[in-house]
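In what follows, a structure is listed as structure tokens, so that the remarks can point back to it.
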Amino acid sequence: MEVFLDTCGRRRVKSLLLLYFFVVKAAAACSKPKGMENTVLSDKSLLMNEFPEGSEVHWECAHGYVRDSGSGSMTCVDNNWTEPDLICKKKDCGPPKPQPNMNFNMSAGTLFGASIKVTCDKGFRVVGLSYKQCYATGWSGRAKCQIVTCGKPVEVTNGRHSWDSQDAPKYGETISYICKEGYTLVGKESIMCSETGQYNPQAPACKGGRGILTAEGKASTASVASMTSSPFQDKHDGAIDTSEDVGNMPVIISVISVVLVVGILVLFLHKFLLKRKGSYDTREDLKPELLQFQNL
């Protein structure tokens, strides 16, 4: 009887122990896994509500990041998750696709989140966004470089220009001007469409008369006049000012020339009259004026 009771007691204790281990085993579980830097749970793992012993979850790289190494799996062991081995790094968008006459300032780098500035060559302007940003899908922002244009050339009175196209002149193109006969061009004969969209220089003008001097011509005339007057200015250091005498010299020379010519004509006339009257000359028929010049 004692042996039977002992055997039954052992069996009961063994059953209780097995039940205890099964309950404890069933109750063992891990808590919901926490997110890691630059990683997120996979869609399948996000749908799990319980994480019993031996459960496995998977991690993926967050938006804008790519897998560098590791599998991304974790397992629940003794109520704890194993250490994850997934390492993620930022996506590299790389240099943007090159476009005609376009340049990029990539001093901020080309990794996820970076921004670069768009610039154009001289004579071109940015159409669209001036910046591009690196997203998970690549570079955002559309832009292109368009050549600068100027307004149609202005018309000038009494002249015409060489532009005959319906399109607006583009950067670097030149327009020439010409005046009608009898008019003088004042300014530069050619203008160019600059990178600012303005003409350089401004359009010229056509003025009446051939004797109109341009600004350059006036400067040259002033220079010549200055050079001509300088010798006389140097002579003013003396006590006597002879500038007025020098100015009257042409008039004095003209008067002397007229007197000489008149005297020569009188002499020729006198000899002619003598030949007609003979060798005897009483001078009675000469007018007082002629006698006056003869006595000079």
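Letters A, B, ... go to the chains of the structure tokens in the order shown; residues in each chain start at 1; ligands are counted from 1 in the same order.
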Could you name the residues that touch A:Cys120 at 6 Å or less, counting only C-alpha atoms, but leaving out those on the same chain fewer than 2 positions away, as JSON, numbers by chain?
{"A": [101, 102, 103, 124, 125, 145]}
Which of these residues is nearest to A:Phe104, using only C-alpha atoms: A:Val126, A:Val148, A:Ile178, A:Ile253?
A:Val126
How far is it from atom CA of A:Ala143 to atom CA of A:Cys193, in Å with one decimal?
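Interatomic distance, atom CA of A:Ala143 to atom CA of A:Cys193: 23.6 Å.
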Can you pull out the residues contacting A:Asp78? Cut-off 9 Å, using only C-alpha atoms, and skip same-chain residues under 3 positions away; I want them as JSON, numbers by chain.
{"A": [28, 29, 30, 53, 54, 81]}
Since we have the selection now, will you write its residues out, keeping all heavy atoms, as a PDB file, in the first residue's frame?
```
ATOM      1  N   ALA A  28       6.300  32.481 -22.383  1.00  0.00           N
ATOM      2  CA  ALA A  28       7.528  33.155 -22.792  1.00  0.00           C
ATOM      3  C   ALA A  28       7.346  33.830 -24.145  1.00  0.00           C
ATOM      4  O   ALA A  28       6.907  33.191 -25.099  1.00  0.00           O
ATOM      5  CB  ALA A  28       8.682  32.179 -22.851  1.00  0.00           C
ATOM      6  N   ALA A  29       7.669  35.150 -24.267  1.00  0.00           N
ATOM      7  CA  ALA A  29       7.528  35.905 -25.521  1.00  0.00           C
ATOM      8  C   ALA A  29       8.361  37.175 -25.448  1.00  0.00           C
ATOM      9  O   ALA A  29       8.787  37.598 -24.370  1.00  0.00           O
ATOM     10  CB  ALA A  29       6.069  36.232 -25.780  1.00  0.00           C
ATOM     11  N   CYS A  30       8.596  37.771 -26.611  1.00  0.00           N
ATOM     12  CA  CYS A  30       9.343  39.035 -26.686  1.00  0.00           C
ATOM     13  C   CYS A  30       8.373  40.186 -26.896  1.00  0.00           C
ATOM     14  O   CYS A  30       7.268  40.012 -27.448  1.00  0.00           O
ATOM     15  CB  CYS A  30      10.345  38.994 -27.824  1.00  0.00           C
ATOM     16  SG  CYS A  30      11.741  37.875 -27.546  1.00  0.00           S
ATOM     17  N   GLU A  53       8.376  33.020 -28.208  1.00  0.00           N
ATOM     18  CA  GLU A  53       9.738  32.497 -28.288  1.00  0.00           C
ATOM     19  C   GLU A  53       9.984  31.896 -29.660  1.00  0.00           C
ATOM     20  O   GLU A  53       9.187  31.111 -30.172  1.00  0.00           O
ATOM     21  CB  GLU A  53       9.947  31.443 -27.197  1.00  0.00           C
ATOM     22  CG  GLU A  53      11.342  30.874 -27.128  1.00  0.00           C
ATOM     23  CD  GLU A  53      12.346  31.820 -26.497  1.00  0.00           C
ATOM     24  OE1 GLU A  53      11.922  32.857 -25.944  1.00  0.00           O
ATOM     25  OE2 GLU A  53      13.549  31.538 -26.559  1.00  0.00           O
ATOM     26  N   GLY A  54      11.084  32.287 -30.278  1.00  0.00           N
ATOM     27  CA  GLY A  54      11.451  31.783 -31.599  1.00  0.00           C
ATOM     28  C   GLY A  54      10.902  32.593 -32.762  1.00  0.00           C
ATOM     29  O   GLY A  54      11.172  32.281 -33.928  1.00  0.00           O
ATOM     30  N   TRP A  81      15.382  39.881 -28.050  1.00  0.00           N
ATOM     31  CA  TRP A  81      15.660  39.844 -29.488  1.00  0.00           C
ATOM     32  C   TRP A  81      17.172  39.764 -29.721  1.00  0.00           C
ATOM     33  O   TRP A  81      17.946  40.375 -29.003  1.00  0.00           O
ATOM     34  CB  TRP A  81      15.128  41.090 -30.188  1.00  0.00           C
ATOM     35  CG  TRP A  81      13.639  41.197 -30.221  1.00  0.00           C
ATOM     36  CD1 TRP A  81      12.861  42.012 -29.480  1.00  0.00           C
ATOM     37  CD2 TRP A  81      12.767  40.443 -31.053  1.00  0.00           C
ATOM     38  NE1 TRP A  81      11.530  41.841 -29.770  1.00  0.00           N
ATOM     39  CE2 TRP A  81      11.443  40.873 -30.760  1.00  0.00           C
ATOM     40  CE3 TRP A  81      12.942  39.446 -32.015  1.00  0.00           C
ATOM     41  CZ2 TRP A  81      10.321  40.341 -31.381  1.00  0.00           C
ATOM     42  CZ3 TRP A  81      11.827  38.921 -32.639  1.00  0.00           C
ATOM     43  CH2 TRP A  81      10.528  39.362 -32.331  1.00  0.00           C
TER      44      TRP A  81
END
```
